[in-house]
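A.B. asks: My structure is stored as data02.txt, with compact mmCIF, C-alpha atoms.
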# COMPACT_ATOMS: atom_id res chain seq x y z
CA MET A 22 -14.45 41.37 11.91
CA LYS A 23 -11.94 42.67 9.41
CA ILE A 24 -8.45 41.18 9.75
CA VAL A 25 -5.36 43.26 9.04
CA GLU A 26 -2.31 41.32 7.86
CA ALA A 27 1.13 42.69 8.68
CA ASN A 28 4.34 40.71 8.24
CA SER A 29 2.66 37.32 8.89
CA ALA A 30 0.51 38.60 11.77
CA LYS A 31 -3.27 38.52 11.38
CA ILE A 32 -4.73 41.18 13.64
CA PRO A 33 -8.43 41.95 14.23
CA ALA A 34 -9.01 45.53 13.04
CA ILE A 35 -10.85 46.52 16.22
CA GLY A 36 -9.42 45.67 19.62
CA LEU A 37 -10.25 46.56 23.20
CA GLY A 38 -7.95 49.12 24.76
CA THR A 39 -7.63 48.75 28.55
CA TYR A 40 -5.72 51.87 29.64
CA ARG A 41 -7.03 53.07 33.03
CA LEU A 42 -9.20 49.98 33.50
CA LYS A 43 -8.21 48.39 36.79
CA GLY A 44 -8.99 45.32 38.87
CA GLU A 45 -12.46 43.84 38.54
CA ASP A 46 -13.51 46.58 36.13
CA ALA A 47 -10.77 45.50 33.74
CA THR A 48 -11.62 41.83 34.16
CA ARG A 49 -15.31 42.40 33.47
CA ALA A 50 -14.58 44.62 30.47
CA VAL A 51 -12.29 42.04 28.86
CA THR A 52 -14.65 39.13 29.49
CA HIS A 53 -17.66 41.01 28.10
CA ALA A 54 -15.74 42.18 25.06
CA LEU A 55 -14.74 38.63 24.19
CA GLU A 56 -18.28 37.40 24.78
CA ILE A 57 -19.68 39.84 22.19
CA GLY A 58 -17.11 39.16 19.50
CA TYR A 59 -13.86 40.99 20.21
CA ARG A 60 -10.77 38.92 19.54
CA HIS A 61 -8.07 41.53 20.12
CA ILE A 62 -7.13 42.78 23.60
CA ASP A 63 -4.48 45.43 24.30
CA THR A 64 -2.73 46.06 27.61
CA ALA A 65 0.68 47.18 28.87
CA GLN A 66 3.06 46.75 31.76
CA MET A 67 2.50 50.42 32.65
CA TYR A 68 -1.29 50.03 32.86
CA ASP A 69 -0.89 47.89 35.99
CA ASN A 70 -3.75 45.65 34.88
CA GLU A 71 -2.13 42.68 33.16
CA GLU A 72 -3.24 40.30 35.91
CA ALA A 73 -6.84 41.57 35.67
CA VAL A 74 -6.77 41.34 31.87
CA GLY A 75 -5.50 37.78 32.09
CA LYS A 76 -8.36 36.88 34.43
CA GLY A 77 -10.82 38.40 31.97
CA ILE A 78 -9.47 36.31 29.13
CA ALA A 79 -9.55 33.15 31.25
CA ALA A 80 -13.16 33.80 32.30
CA ALA A 81 -14.43 34.26 28.74
CA PRO A 82 -15.89 31.35 26.73
CA VAL A 83 -13.18 31.80 24.09
CA ALA A 84 -10.08 29.69 23.58
CA ARG A 85 -6.81 31.49 24.27
CA GLU A 86 -5.55 30.84 20.73
CA GLU A 87 -8.51 32.78 19.32
CA VAL A 88 -7.48 35.95 21.16
CA PHE A 89 -4.85 38.31 19.76
CA LEU A 90 -3.23 39.63 22.95
CA THR A 91 -0.87 42.61 22.96
CA THR A 92 1.20 44.00 25.81
CA LYS A 93 3.93 46.61 25.99
CA ILE A 94 7.25 47.01 27.83
CA TRP A 95 8.03 50.34 29.53
CA PRO A 96 11.32 52.09 28.55
CA ASP A 97 12.78 51.63 32.06
CA ASN A 98 13.09 47.94 31.12
CA PHE A 99 14.74 48.35 27.71
CA SER A 100 18.22 47.14 28.66
CA HIS A 101 18.87 43.60 27.42
CA GLY A 102 18.40 41.65 30.64
CA ASP A 103 15.62 43.86 31.96
CA LEU A 104 13.53 43.53 28.81
CA ILE A 105 13.72 39.75 28.79
CA ALA A 106 12.82 39.62 32.48
CA ALA A 107 9.95 42.10 32.01
CA ALA A 108 8.51 40.07 29.13
CA LYS A 109 8.53 36.93 31.26
CA GLU A 110 6.89 38.83 34.13
CA SER A 111 4.16 40.07 31.78
CA ILE A 112 3.15 36.62 30.59
CA ALA A 113 3.23 35.39 34.19
CA ARG A 114 0.82 38.16 35.23
CA LEU A 115 -1.36 37.47 32.20
CA LYS A 116 -1.28 33.75 33.06
CA THR A 117 -0.47 32.77 29.50
CA ASP A 118 2.45 31.05 27.83
CA TYR A 119 2.87 33.82 25.24
CA VAL A 120 1.56 37.12 23.96
CA ASP A 121 0.67 37.52 20.32
CA LEU A 122 2.38 40.89 20.11
CA LEU A 123 4.99 42.54 22.32
CA LEU A 124 5.66 46.25 21.81
CA LEU A 125 8.22 48.77 23.02
CA HIS A 126 5.86 51.27 24.68
CA TRP A 127 7.80 54.49 24.06
CA PRO A 128 11.25 55.06 22.57
CA SER A 129 14.00 55.31 25.19
CA LYS A 130 16.14 58.42 25.42
CA THR A 131 18.93 56.62 27.30
CA ILE A 132 19.18 52.95 26.27
CA PRO A 133 20.55 52.26 22.78
CA LEU A 134 17.86 50.92 20.46
CA LYS A 135 20.31 48.32 19.14
CA GLU A 136 20.50 46.67 22.57
CA THR A 137 16.72 46.77 23.00
CA MET A 138 15.98 45.32 19.57
CA LEU A 139 18.41 42.46 20.19
CA ALA A 140 16.52 41.57 23.39
CA LEU A 141 13.15 41.94 21.65
CA ASN A 142 14.31 39.53 18.95
CA GLU A 143 15.41 37.04 21.59
CA VAL A 144 12.01 37.23 23.29
CA GLN A 145 10.34 36.42 19.97
CA ALA A 146 12.75 33.57 19.25
CA ALA A 147 12.02 32.11 22.69
CA GLY A 148 8.30 32.00 21.93
CA ILE A 149 7.36 34.51 24.62
CA ALA A 150 5.92 36.73 21.87
CA LYS A 151 4.70 35.53 18.49
CA HIS A 152 5.22 38.96 16.97
CA ILE A 153 7.07 42.12 17.96
CA GLY A 154 6.63 45.80 17.28
CA ILE A 155 6.95 49.36 18.48
CA SER A 156 4.78 52.14 19.86
CA ASN A 157 5.06 55.92 19.64
CA PHE A 158 7.93 55.66 17.17
CA THR A 159 8.42 58.44 14.61
CA THR A 160 9.43 57.83 10.99
CA SER A 161 13.16 58.09 11.75
CA LEU A 162 12.79 55.71 14.68
CA ILE A 163 10.75 53.29 12.56
CA GLU A 164 13.61 53.17 10.06
CA GLU A 165 16.19 52.68 12.82
CA ALA A 166 14.20 49.89 14.48
CA ALA A 167 13.58 48.15 11.16
CA SER A 168 17.31 48.23 10.40
CA LEU A 169 18.18 46.63 13.75
CA THR A 170 15.79 43.68 13.81
CA SER A 171 16.21 40.24 12.29
CA VAL A 172 12.46 39.62 12.70
CA PRO A 173 10.04 41.81 10.73
CA LEU A 174 8.21 44.27 12.94
CA THR A 175 4.43 44.08 12.92
CA VAL A 176 2.96 47.42 14.05
CA ASP A 177 3.66 50.87 15.37
CA GLN A 178 0.98 51.80 17.91
CA VAL A 179 0.44 55.56 17.83
CA GLU A 180 -2.18 58.20 18.51
CA TYR A 181 -4.43 58.48 15.47
CA HIS A 182 -7.88 60.00 15.01
CA PRO A 183 -9.59 62.44 12.60
CA TYR A 184 -7.77 65.46 14.08
CA LEU A 185 -4.19 64.17 13.87
CA PRO A 186 -2.42 63.63 10.54
CA GLN A 187 -0.27 60.48 10.44
CA ASP A 188 0.49 60.35 6.70
CA LYS A 189 4.27 60.18 7.15
CA VAL A 190 4.12 57.42 9.74
CA LEU A 191 1.64 55.44 7.64
CA SER A 192 3.85 55.74 4.57
CA ALA A 193 6.90 54.52 6.50
CA LEU A 194 5.01 51.60 8.00
CA ARG A 195 3.53 50.49 4.70
CA ALA A 196 7.00 50.51 3.16
CA HIS A 197 8.00 47.91 5.76
CA GLY A 198 4.82 45.82 5.52
CA MET A 199 3.75 47.05 8.97
CA ALA A 200 0.36 48.17 10.25
CA LEU A 201 -0.61 51.18 12.36
CA THR A 202 -2.56 50.57 15.55
CA ALA A 203 -4.49 53.69 16.53
CA TYR A 204 -4.84 54.50 20.21
CA ALA A 205 -7.10 57.34 21.39
CA PRO A 206 -9.07 56.72 18.15
CA LEU A 207 -12.03 58.78 19.37
CA ALA A 208 -9.81 61.72 20.40
CA HIS A 209 -10.94 61.38 24.01
CA ALA A 210 -14.60 61.69 22.94
CA LYS A 211 -14.03 64.91 20.96
CA VAL A 212 -15.49 63.23 17.87
CA SER A 213 -18.90 63.08 19.56
CA ASP A 214 -19.31 66.86 19.43
CA ASP A 215 -18.00 67.39 15.91
CA LYS A 216 -20.64 68.72 13.49
CA VAL A 217 -19.03 67.15 10.40
CA ILE A 218 -18.86 63.75 12.06
CA GLN A 219 -22.38 64.12 13.46
CA ASP A 220 -23.76 64.83 9.97
CA ILE A 221 -22.06 61.76 8.49
CA ALA A 222 -23.26 59.66 11.43
CA LYS A 223 -26.84 60.79 10.88
CA ALA A 224 -26.65 59.82 7.19
CA HIS A 225 -25.63 56.26 8.14
CA GLY A 226 -27.74 55.83 11.27
CA LYS A 227 -24.57 55.45 13.33
CA THR A 228 -22.92 57.26 16.23
CA PRO A 229 -20.05 59.75 15.72
CA GLY A 230 -17.72 57.28 17.44
CA GLN A 231 -18.66 54.56 14.96
CA ILE A 232 -17.94 56.95 12.08
CA ALA A 233 -14.48 57.80 13.45
CA LEU A 234 -13.65 54.12 13.93
CA ARG A 235 -14.93 53.23 10.46
CA TRP A 236 -12.78 56.02 8.98
CA LEU A 237 -9.73 54.48 10.62
CA VAL A 238 -10.24 50.84 9.69
CA GLN A 239 -11.30 51.73 6.15
CA GLN A 240 -7.72 52.91 5.60
CA ASP A 241 -5.19 50.34 4.42
CA GLY A 242 -3.30 48.72 7.28
CA VAL A 243 -4.97 50.60 10.14
CA ILE A 244 -6.22 48.99 13.37
CA ALA A 245 -8.04 50.78 16.22
CA ILE A 246 -8.17 49.96 19.93
CA PRO A 247 -10.89 52.08 21.56
CA LYS A 248 -10.95 51.78 25.34
CA SER A 249 -14.30 51.15 27.02
CA GLY A 250 -15.59 49.40 30.10
CA ASN A 251 -19.16 50.23 29.09
CA PRO A 252 -20.93 47.17 27.61
CA GLU A 253 -23.12 49.18 25.23
CA ARG A 254 -20.19 51.28 24.01
CA GLN A 255 -18.12 48.15 23.47
CA LYS A 256 -20.93 46.79 21.30
CA GLN A 257 -21.14 50.00 19.28
CA ASN A 258 -17.40 50.01 18.71
CA ILE A 259 -17.41 46.70 16.84
CA GLU A 260 -20.62 47.34 14.90
CA ILE A 261 -18.80 49.22 12.15
CA PHE A 262 -18.45 46.54 9.50
CA ASP A 263 -21.99 46.73 8.11
CA PHE A 264 -21.53 50.01 6.27
CA GLU A 265 -18.90 51.89 4.26
CA LEU A 266 -17.95 55.55 4.06
CA SER A 267 -17.97 57.12 0.61
CA ASP A 268 -14.85 58.71 -0.88
CA ASP A 269 -16.38 62.12 -0.20
CA GLU A 270 -17.09 61.24 3.44
CA MET A 271 -13.57 59.93 3.91
CA ALA A 272 -12.21 63.17 2.44
CA ARG A 273 -14.39 65.29 4.75
CA LEU A 274 -12.98 63.41 7.73
CA PHE A 275 -9.39 63.74 6.51
CA ALA A 276 -10.03 67.49 6.18
CA LEU A 277 -10.51 67.68 9.97
CA GLN A 278 -6.82 66.97 10.52
CA LYS A 279 -4.72 69.83 11.88
CA PRO A 280 -1.03 70.32 12.77
CA LYS A 281 -1.81 70.73 16.49
CA GLY A 282 -4.26 67.87 16.73
CA ARG A 283 -2.14 65.75 19.05
CA ILE A 284 -3.64 65.04 22.47
CA ILE A 285 -1.04 62.76 24.10
CA ASP A 286 2.43 64.29 24.37
CA PRO A 287 4.01 63.42 27.75
CA ALA A 288 6.95 65.61 28.65
CA GLY A 289 10.21 63.77 29.08
CA ILE A 290 8.93 60.65 27.35
CA ALA A 291 7.62 61.69 23.93
CA PRO A 292 10.04 61.81 21.00
CA GLU A 293 10.37 64.76 18.65
CA TRP A 294 7.29 64.09 16.55
CA ASP A 295 7.26 64.22 12.76
CA ALA A 296 6.12 67.59 11.46
CA ALA A 297 2.55 67.52 10.13
Have the structure of the file written as structure tokens, please.

C.D. replies:
Amino acid sequence: MKIVEANSAKIPAIGLGTYRLKGEDATRAVTHALEIGYRHIDTAQMYDNEEAVGKGIAAAPVAREEVFLTTKIWPDNFSHGDLIAAAKESIARLKTDYVDLLLLHWPSKTIPLKETMLALNEVQAAGIAKHIGISNFTTSLIEEAASLTSVPLTVDQVEYHPYLPQDKVLSALRAHGMALTAYAPLAHAKVSDDKVIQDIAKAHGKTPGQIALRWLVQQDGVIAIPKSGNPERQKQNIEIFDFELSDDEMARLFALQKPKGRIIDPAGIAPEWDAA
């Protein structure tokens, strides 16, 4: 497993996303993933599965300190006291003493970022989170968050796949020593039907999904967290470190990017995205 280093954090380049996995399904998915070699698990307060994810980690034959565990705080809890309370509630549900990474799930349109970052720093100082970061932050918000923290931020978790350009965000993150964690890395399975990706997959004896994931993690400072409760798909998603895409293949995949490639854009929550 490739490790991505970002401001002292060492993060496995492929993690298990758990969005929409609930109850026993989430527990089984997490346990199986850890059994076959995953060491990075991603959840969130909003997913309503932290307790199930915690059970999955506890049931796996892997020591807690070997697992890089991420969770995220919803914007409703971004005021100082609410964020600290929410972070404590998350680790209680996960049945752990700490998370490896705590993220702000979406930027808030009402609570000042200065107040939120102060609370996030206090959570890190208290040992509730080893590292802190952001999610769905644009370049201007990355700069604002970086200016308001006394602890270096680790990642910005954003939508990223072969159809969505993220050059500006990547450039801003690299300038701050941060990594990009790609959610929806398979573009909600759209990569499976793409002729360009299929042709590259055939050349390597891989699936289109494996090609898309390899394209992501072959970029400097990029992590991917594909979601899957399917044991065989989980296995495929981490079997991407035994081959390499050529410069030409990487370029062909970059050429798939388009200005309107975004899939996830929730009204009332999403910020004004950077222009492509």

A.B. asks: Could you give me, as a PDB file with C-alpha atoms, keeping the file's coordinate frame, the residues within 10 Å of Gln187 in chain A, counting all atoms listed in the file and dropping anything in the same chain fewer than 2 positions from it?

C.D. replies:
ATOM      1  CA  THR A 159       8.420  58.440  14.610  1.00  0.00           C
ATOM      2  CA  VAL A 179       0.440  55.560  17.830  1.00  0.00           C
ATOM      3  CA  GLU A 180      -2.180  58.200  18.510  1.00  0.00           C
ATOM      4  CA  TYR A 181      -4.430  58.480  15.470  1.00  0.00           C
ATOM      5  CA  HIS A 182      -7.880  60.000  15.010  1.00  0.00           C
ATOM      6  CA  PRO A 183      -9.590  62.440  12.600  1.00  0.00           C
ATOM      7  CA  TYR A 184      -7.770  65.460  14.080  1.00  0.00           C
ATOM      8  CA  LEU A 185      -4.190  64.170  13.870  1.00  0.00           C
ATOM      9  CA  LYS A 189       4.270  60.180   7.150  1.00  0.00           C
ATOM     10  CA  VAL A 190       4.120  57.420   9.740  1.00  0.00           C
ATOM     11  CA  LEU A 191       1.640  55.440   7.640  1.00  0.00           C
ATOM     12  CA  SER A 192       3.850  55.740   4.570  1.00  0.00           C
ATOM     13  CA  LEU A 201      -0.610  51.180  12.360  1.00  0.00           C
ATOM     14  CA  GLN A 278      -6.820  66.970  10.520  1.00  0.00           C
ATOM     15  CA  ASP A 295       7.260  64.220  12.760  1.00  0.00           C
ATOM     16  CA  ALA A 296       6.120  67.590  11.460  1.00  0.00           C
ATOM     17  CA  ALA A 297       2.550  67.520  10.130  1.00  0.00           C
TER      18      ALA A 297
END

A.B. asks: Between A:Asp241, A:Glu260, A:Glu293, A:Glu164, which residue has the minimum interatomic distance to Glu26 in chain A, considering all atoms listed in the file?

C.D. replies: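 Looking only at the distances to Glu26 in chain A, the closest residue turns out to be A:Asp241.
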
A.B. asks: For Ala47 in chain A, which residue out of A:Gln145, A:Phe264, A:Ile94, A:Pro252 is the nearest one, using only C-alpha atoms?

C.D. replies: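 Smallest separation from Ala47 in chain A among the options: A:Pro252.
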
A.B. asks: Which residues are close to range 74-83 of chain A, i.e. within 6 Å by all atoms listed in the file, leaving aside same-chain residues fewer than 4 positions away? Reply as a list in words.

C.D. replies: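 My reading of the contact set: Thr48, Val51, Thr52, Leu115 and Lys116 of chain A.
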
A.B. asks: Residues as selected, C-alpha atoms, written as a tab-separated table (two decimals), keeping the file's coordinate frame, can you do that?

C.D. replies:
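Dumped to selection22.tsv:
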chain	number	residue	atom	x	y	z
A	48	THR	CA	-11.62	41.83	34.16
A	51	VAL	CA	-12.29	42.04	28.86
A	52	THR	CA	-14.65	39.13	29.49
A	115	LEU	CA	-1.36	37.47	32.20
A	116	LYS	CA	-1.28	33.75	33.06

A.B. asks: To one decimal place in Å, what is the distance between CA of Arg254 in chain A and CA of Ile285 in chain A?

C.D. replies: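 Going from CA of Arg254 in chain A over to CA of Ile285 in chain A covers 22.3 Å.
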
A.B. asks: Point out the residue among A:Leu237, A:Leu124, A:Met67, A:Leu174 with the least atom-to-atom distance to Arg41 in chain A, counting only C-alpha atoms.

C.D. replies: A:Met67

A.B. asks: Separation of CA of Gln257 in chain A and CA of Thr228 in chain A, in Å?

C.D. replies: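 The value is 8.1 Å.
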
A.B. asks: Measuring atom to atom with all atoms listed in the file, identify which of A:Leu194, A:Ile62, A:Val144, A:Val176 is nearest to Thr39 in chain A.

C.D. replies: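 Among A:Leu194, A:Ile62, A:Val144, A:Val176, it is A:Ile62 that comes nearest to Thr39 in chain A.
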
A.B. asks: Quick one: everything within 6 Å of Ala200 in chain A, counting only C-alpha atoms, minus sequence neighbours fewer than 4 positions away in the same chain. Send it as a list in words.

C.D. replies: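 In the requested format, the answer is Ala27, Val176, Gly242 and Val243 of chain A.
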
A.B. asks: How about saving the chosen residues, C-alpha atoms kept, as a short mmCIF file (atom, residue, chain, number, x, y, z; two decimals), keeping the file's coordinate frame?

C.D. replies:
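In the end it all went to again39.cif:
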data_model
loop_
_atom_site.label_atom_id
_atom_site.label_comp_id
_atom_site.auth_asym_id
_atom_site.auth_seq_id
_atom_site.Cartn_x
_atom_site.Cartn_y
_atom_site.Cartn_z
CA ALA A 27 1.13 42.69 8.68
CA VAL A 176 2.96 47.42 14.05
CA GLY A 242 -3.30 48.72 7.28
CA VAL A 243 -4.97 50.60 10.14
#

A.B. asks: Choose the residue, out of A:Asp118, A:Glu56, A:Glu143, A:Asp103, that has the smallest atom-to-atom separation from Glu86 in chain A; count all atoms listed in the file.

C.D. replies: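 Under the stated criterion, the closest residue is A:Asp118.
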
A.B. asks: For Gln240 in chain A, work out the shell of residues within 12 Å, counting all atoms listed in the file and skipping chain neighbours fewer than 4 positions away, then give it as a VMD selection string.

C.D. replies: chain A and resid 23 25 34 181 to 183 187 to 188 191 to 192 195 200 to 203 233 to 236 244 to 245 265 to 266 268 271 to 272 274 to 275

A.B. asks: May I have the centre and edge lengths, in Å to one decimal, of an axis-aligned box around the listed atoms of range 37-43 of chain A with 3 Å added to every side, as AutoDock Vina command-line options?

C.D. replies:
--center_x -8.0 --center_y 49.8 --center_z 30.0 --size_x 10.5 --size_y 12.5 --size_z 19.6

A.B. asks: Just checking: using only C-alpha atoms, which residue out of A:Lys211, A:Arg60, A:His225, A:Lys31 ends up closest to Lys151 in chain A?

C.D. replies: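 Checking each candidate against Lys151 in chain A, we get A:Lys31 as the closest.
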
A.B. asks: Identify, on the basis of only C-alpha atoms, every residue whose closest approach to Ser213 in chain A does not exceed 8 Å; exclude the query and any residue fewer than 4 positions from it along the same chain; express the result as a list in words.

C.D. replies: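 Result of the neighbour search: Ile218, Gln219, Thr228, Pro229 and Gly230 of chain A.
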
A.B. asks: Using CA of Asn98 in chain A and CA of Glu71 in chain A as the two end points, give the distance in Å to one decimal.

C.D. replies: 16.2 Å

A.B. asks: Select range 235-246 of chain A in the preceding structure and write N, CA and C atoms to a file as a short mmCIF file (atom, residue, chain, number, x, y, z; two decimals), in the first residue's frame.

C.D. replies:
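Now in selection_20.cif:
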data_model
loop_
_atom_site.label_atom_id
_atom_site.label_comp_id
_atom_site.auth_asym_id
_atom_site.auth_seq_id
_atom_site.Cartn_x
_atom_site.Cartn_y
_atom_site.Cartn_z
N ARG A 235 -6.01 3.97 -10.04
CA ARG A 235 -4.56 4.08 -10.27
C ARG A 235 -4.21 5.47 -10.78
N TRP A 236 -5.05 6.02 -11.66
CA TRP A 236 -4.83 7.38 -12.17
C TRP A 236 -4.81 8.39 -11.02
N LEU A 237 -5.68 8.21 -10.06
CA LEU A 237 -5.72 9.13 -8.93
C LEU A 237 -4.47 9.01 -8.07
N VAL A 238 -4.17 7.80 -7.61
CA VAL A 238 -3.07 7.67 -6.64
C VAL A 238 -1.70 7.81 -7.28
N GLN A 239 -1.65 7.78 -8.61
CA GLN A 239 -0.37 8.00 -9.29
C GLN A 239 -0.02 9.49 -9.33
N GLN A 240 -1.00 10.34 -8.98
CA GLN A 240 -0.75 11.77 -8.89
C GLN A 240 -0.17 12.10 -7.52
N ASP A 241 0.69 13.08 -7.47
CA ASP A 241 1.35 13.48 -6.23
C ASP A 241 0.34 13.98 -5.20
N GLY A 242 0.36 13.36 -4.03
CA GLY A 242 -0.46 13.82 -2.92
C GLY A 242 -1.95 13.56 -3.06
N VAL A 243 -2.33 12.50 -3.78
CA VAL A 243 -3.75 12.19 -3.96
C VAL A 243 -4.06 10.82 -3.34
N ILE A 244 -5.14 10.79 -2.58
CA ILE A 244 -5.66 9.61 -1.87
C ILE A 244 -7.05 9.35 -2.42
N ALA A 245 -7.52 8.12 -2.44
CA ALA A 245 -8.87 7.81 -2.90
C ALA A 245 -9.58 6.93 -1.89
N ILE A 246 -10.88 7.17 -1.73
CA ILE A 246 -11.66 6.39 -0.76
C ILE A 246 -12.92 5.81 -1.43
#
